[in-house]
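One structure is given here, and the rest of the page talks about it.
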Amino acid sequence: MSIAIGCDEAGFTLKETLKKFLVDKGYEVEDFGVYNTNPVLYPDIAVKVAKSIADGKHERGVLVCGTGIGMAITANKVPGIRAAVCHDPYSAERARKSNNAQIIAMGARIIGSELAKTLVATWLESEFQGGGSTEKVNRISEYEREFIGK
């Protein structure tokens with residue numbers, strides 16, 4: 001599985017930890033930055049990661065900032081993307097199983113590295129279950145098409 005990863009300066013250390021974790025697990029990982037703790041506009045990173053998934057270059061994405069919120073909001077602006085902020089294992093699992101989220105966003109100022117690894121592993125091991133959630137996810141896509149005019 002191919003994974004895009006990115007962060008802002010607040011998430012740099014956690015992103016580096018998660019990148020190593022993913023590579024050690026055998027995943028192909030492309031790092032969209034940042035590569036140090038210099039300030040950056042996080043929307044630029046979130047859009048790069050989300051576009052790489054929307055364009056089919058990567059299957060999933062991991063975004064890290066101070067809270068995960070700004071990254072998720074930005075990633076969700078890219079048509080076809082569903083990004084979810086997750087800070088507990090149940091949310092990480094349901095983001096995939098119920099919402100078919102292709103991107104997990106986390107806050108480095110909220111959770112530690114061990115929990116973050118658990119969340120990413122849980123999220124990656126979970127698959128969309130369809131069923132009653134299919135109609136809901138399809139409705140999200142319908143609204144998206146309506147609002148972006150496609």
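Order determines the names: the first chain of the structure tokens is A, the second B, and so forth; residues in each chain are numbered 1 upward, and ligands are numbered 1 upward as they are shown.
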Mind checking which residues fall within 9 Å of stretch 76-85 of chain A, counting only C-alpha atoms, ignoring those fewer than 4 positions away in the same chain, and posting them as a JSON list (two decimals) with N, CA and C atoms, in the first residue's frame?
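What ended up in part.json:
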[["chain", "number", "residue", "atom", "x", "y", "z"],
["A", 47, "VAL", "N", -3.04, 19.91, 1.07],
["A", 47, "VAL", "CA", -3.54, 19.81, -0.31],
["A", 47, "VAL", "C", -2.65, 18.89, -1.13],
["A", 50, "ALA", "N", -3.56, 15.32, -0.09],
["A", 50, "ALA", "CA", -4.91, 14.97, -0.54],
["A", 50, "ALA", "C", -4.97, 14.82, -2.07],
["A", 51, "LYS", "N", -4.33, 15.71, -2.80],
["A", 51, "LYS", "CA", -4.33, 15.61, -4.26],
["A", 51, "LYS", "C", -3.64, 14.33, -4.73],
["A", 53, "ILE", "N", -3.73, 11.54, -3.36],
["A", 53, "ILE", "CA", -4.69, 10.45, -3.18],
["A", 53, "ILE", "C", -5.82, 10.58, -4.20],
["A", 54, "ALA", "N", -6.34, 11.78, -4.35],
["A", 54, "ALA", "CA", -7.43, 12.00, -5.32],
["A", 54, "ALA", "C", -6.97, 11.65, -6.73],
["A", 61, "GLY", "N", -3.50, 8.53, 3.21],
["A", 61, "GLY", "CA", -2.66, 9.64, 3.66],
["A", 61, "GLY", "C", -2.71, 9.83, 5.16],
["A", 67, "THR", "N", -3.24, 20.10, 16.09],
["A", 67, "THR", "CA", -4.48, 19.44, 16.53],
["A", 67, "THR", "C", -5.01, 18.41, 15.53],
["A", 68, "GLY", "N", -4.57, 18.48, 14.29],
["A", 68, "GLY", "CA", -5.12, 17.64, 13.22],
["A", 68, "GLY", "C", -6.31, 18.28, 12.54],
["A", 69, "ILE", "N", -6.90, 19.27, 13.17],
["A", 69, "ILE", "CA", -8.14, 19.86, 12.67],
["A", 69, "ILE", "C", -7.92, 20.63, 11.37],
["A", 71, "MET", "N", -5.52, 20.47, 9.22],
["A", 71, "MET", "CA", -5.13, 19.57, 8.13],
["A", 71, "MET", "C", -6.35, 18.86, 7.56],
["A", 72, "ALA", "N", -7.22, 18.36, 8.42],
["A", 72, "ALA", "CA", -8.42, 17.65, 7.95],
["A", 72, "ALA", "C", -9.35, 18.58, 7.20],
["A", 91, "SER", "N", -12.37, 5.77, 16.90],
["A", 91, "SER", "CA", -12.57, 6.74, 15.81],
["A", 91, "SER", "C", -11.71, 6.37, 14.60],
["A", 92, "ALA", "N", -10.49, 5.93, 14.84],
["A", 92, "ALA", "CA", -9.62, 5.54, 13.73],
["A", 92, "ALA", "C", -10.23, 4.37, 12.96],
["A", 95, "ALA", "N", -13.45, 5.60, 11.13],
["A", 95, "ALA", "CA", -13.15, 6.50, 10.01],
["A", 95, "ALA", "C", -13.04, 5.70, 8.72],
["A", 99, "ASN", "N", -16.85, 5.44, 7.25],
["A", 99, "ASN", "CA", -16.78, 6.65, 6.44],
["A", 99, "ASN", "C", -15.83, 6.54, 5.25],
["A", 100, "ASN", "N", -15.12, 5.44, 5.14],
["A", 100, "ASN", "CA", -14.19, 5.22, 4.03],
["A", 100, "ASN", "C", -13.21, 6.38, 3.89],
["A", 101, "ALA", "N", -12.72, 6.88, 5.03],
["A", 101, "ALA", "CA", -11.76, 7.99, 5.03],
["A", 101, "ALA", "C", -10.42, 7.52, 4.49],
["A", 102, "GLN", "N", -9.92, 8.26, 3.51],
["A", 102, "GLN", "CA", -8.62, 7.93, 2.93],
["A", 102, "GLN", "C", -7.48, 8.60, 3.67],
["A", 103, "ILE", "N", -7.79, 9.59, 4.51],
["A", 103, "ILE", "CA", -6.77, 10.32, 5.24],
["A", 103, "ILE", "C", -7.10, 10.34, 6.73],
["A", 104, "ILE", "N", -6.09, 10.07, 7.53],
["A", 104, "ILE", "CA", -6.21, 10.23, 8.97],
["A", 104, "ILE", "C", -5.39, 11.45, 9.35],
["A", 105, "ALA", "N", -5.97, 12.32, 10.18],
["A", 105, "ALA", "CA", -5.28, 13.51, 10.66],
["A", 105, "ALA", "C", -5.20, 13.43, 12.18],
["A", 106, "MET", "N", -4.05, 13.82, 12.71],
["A", 106, "MET", "CA", -3.83, 13.74, 14.15],
["A", 106, "MET", "C", -3.14, 14.99, 14.65],
["A", 107, "GLY", "N", -3.30, 15.26, 15.94],
["A", 107, "GLY", "CA", -2.67, 16.40, 16.57],
["A", 107, "GLY", "C", -1.49, 16.01, 17.43],
["A", 141, "SER", "N", -20.68, 12.17, -1.43],
["A", 141, "SER", "CA", -20.14, 12.39, -2.78],
["A", 141, "SER", "C", -21.13, 13.16, -3.65],
["A", 144, "GLU", "N", -20.96, 16.75, -2.64],
["A", 144, "GLU", "CA", -19.70, 17.30, -3.12],
["A", 144, "GLU", "C", -19.80, 17.68, -4.59],
["A", 145, "ARG", "N", -20.34, 16.80, -5.39],
["A", 145, "ARG", "CA", -20.51, 17.09, -6.82],
["A", 145, "ARG", "C", -21.44, 18.28, -7.03],
["A", 148, "ILE", "N", -19.50, 21.57, -6.02],
["A", 148, "ILE", "CA", -18.36, 21.97, -6.84],
["A", 148, "ILE", "C", -18.74, 22.02, -8.33]]
Per-residue nearest contacts of stretch 44-125 of chain A to stretch 9-32 of chain A (8 Å; only C-alpha atoms) as CSV:
residue,atom,partner,partner_atom,distance
A:Ile45,CA,A:Phe32,CA,6.5
A:Lys48,CA,A:Phe32,CA,6.9
A:Val49,CA,A:Phe32,CA,6.6
A:Leu63,CA,A:Lys15,CA,7.8
A:Val64,CA,A:Gly11,CA,5.0
A:Cys65,CA,A:Gly11,CA,4.4
A:Gly66,CA,A:Ala10,CA,5.2
A:Gly107,CA,A:Gly11,CA,7.2
A:Ala108,CA,A:Gly11,CA,5.3
A:Arg109,CA,A:Ala10,CA,7.6
A:Gly112,CA,A:Leu14,CA,7.9
A:Ser113,CA,A:Leu14,CA,6.2
A:Ala116,CA,A:Leu18,CA,7.6
A:Lys117,CA,A:Leu18,CA,6.4
I need the residues from that last selection saved to file as a PDB file, in the first residue's frame (with C-alpha atoms), if you can.
ATOM      1  CA  ILE A  45       0.988  20.355   2.741  1.00  0.00           C
ATOM      2  CA  LYS A  48      -0.443  18.071  -1.708  1.00  0.00           C
ATOM      3  CA  VAL A  49      -1.187  14.912   0.281  1.00  0.00           C
ATOM      4  CA  LEU A  63      -1.489  14.296   8.160  1.00  0.00           C
ATOM      5  CA  VAL A  64      -0.137  15.756  11.393  1.00  0.00           C
ATOM      6  CA  CYS A  65      -0.343  19.280  12.777  1.00  0.00           C
ATOM      7  CA  GLY A  66      -0.888  20.681  16.265  1.00  0.00           C
ATOM      8  CA  GLY A 107      -2.673  16.404  16.574  1.00  0.00           C
ATOM      9  CA  ALA A 108       0.896  16.194  17.803  1.00  0.00           C
ATOM     10  CA  ARG A 109      -0.026  18.501  20.686  1.00  0.00           C
ATOM     11  CA  GLY A 112       1.841  10.902  21.930  1.00  0.00           C
ATOM     12  CA  SER A 113       3.790   8.792  19.490  1.00  0.00           C
ATOM     13  CA  ALA A 116      -0.397   7.709  17.146  1.00  0.00           C
ATOM     14  CA  LYS A 117       1.216   4.451  15.969  1.00  0.00           C
TER      15      LYS A 117
END
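For the residues A:Asp88, A:Ala46, A:Gly6, A:Asp55, ranking by smallest atom-to-atom distance to A:Val34 using only C-alpha atoms places A:Gly6 first.
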Could you find all residues in stretch 72-120 of chain A that DSSP calls strand (DSSP E or B) from the backbone, and write them as a list in words?
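Answer for stretch 72-120 of chain A restricted to strand (DSSP E or B) is Ala83, Ala84, Val85, Ile103, Ile104, Ala105, Met106 and Gly107 of chain A.
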Expected file: the selected residues, N, CA and C atoms, as a PDB file, in the first residue's frame:
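Result saved to selection-v5.pdb:
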ATOM      1  N   ALA A  83     -11.245  13.064   4.920  1.00  0.00           N
ATOM      2  CA  ALA A  83     -10.201  13.073   5.949  1.00  0.00           C
ATOM      3  C   ALA A  83     -10.874  13.162   7.310  1.00  0.00           C
ATOM      4  N   ALA A  84     -10.357  12.413   8.268  1.00  0.00           N
ATOM      5  CA  ALA A  84     -10.947  12.384   9.607  1.00  0.00           C
ATOM      6  C   ALA A  84      -9.878  12.618  10.664  1.00  0.00           C
ATOM      7  N   VAL A  85     -10.206  13.469  11.629  1.00  0.00           N
ATOM      8  CA  VAL A  85      -9.337  13.662  12.785  1.00  0.00           C
ATOM      9  C   VAL A  85      -9.614  12.509  13.741  1.00  0.00           C
ATOM     10  N   ILE A 103      -7.791   9.591   4.510  1.00  0.00           N
ATOM     11  CA  ILE A 103      -6.768  10.325   5.240  1.00  0.00           C
ATOM     12  C   ILE A 103      -7.104  10.345   6.726  1.00  0.00           C
ATOM     13  N   ILE A 104      -6.093  10.066   7.530  1.00  0.00           N
ATOM     14  CA  ILE A 104      -6.208  10.228   8.972  1.00  0.00           C
ATOM     15  C   ILE A 104      -5.387  11.454   9.348  1.00  0.00           C
ATOM     16  N   ALA A 105      -5.969  12.316  10.175  1.00  0.00           N
ATOM     17  CA  ALA A 105      -5.280  13.508  10.660  1.00  0.00           C
ATOM     18  C   ALA A 105      -5.202  13.429  12.185  1.00  0.00           C
ATOM     19  N   MET A 106      -4.047  13.822  12.710  1.00  0.00           N
ATOM     20  CA  MET A 106      -3.834  13.745  14.152  1.00  0.00           C
ATOM     21  C   MET A 106      -3.136  14.994  14.655  1.00  0.00           C
ATOM     22  N   GLY A 107      -3.301  15.257  15.938  1.00  0.00           N
ATOM     23  CA  GLY A 107      -2.673  16.404  16.574  1.00  0.00           C
ATOM     24  C   GLY A 107      -1.493  16.012  17.428  1.00  0.00           C
TER      25      GLY A 107
END
For A:Leu119, the nearest of the candidates A:Val62, A:Ala75, A:Gly70, A:Asp8, counting only C-alpha atoms
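Under the stated criterion, the closest residue is A:Val62.
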Find, counting only C-alpha atoms, the residue in A:Leu115, A:Val137, A:Ala121, A:Ile5 that gets nearest to A:Glu59.
A:Ile5
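Take atom CA of A:Asn138 and atom CA of A:Trp123: the distance between them is 20.5 Å.
Distance annotation: of A:Leu124, A:Ile73, A:Gly33, A:Asn38, the residue with the minimal separation from A:Ile3 is A:Leu124; atom set is only C-alpha atoms.
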With distances taken over only C-alpha atoms, the candidate from A:Ser133, A:Met1, A:His58, A:Ser126 nearest A:Glu93 is A:Ser126
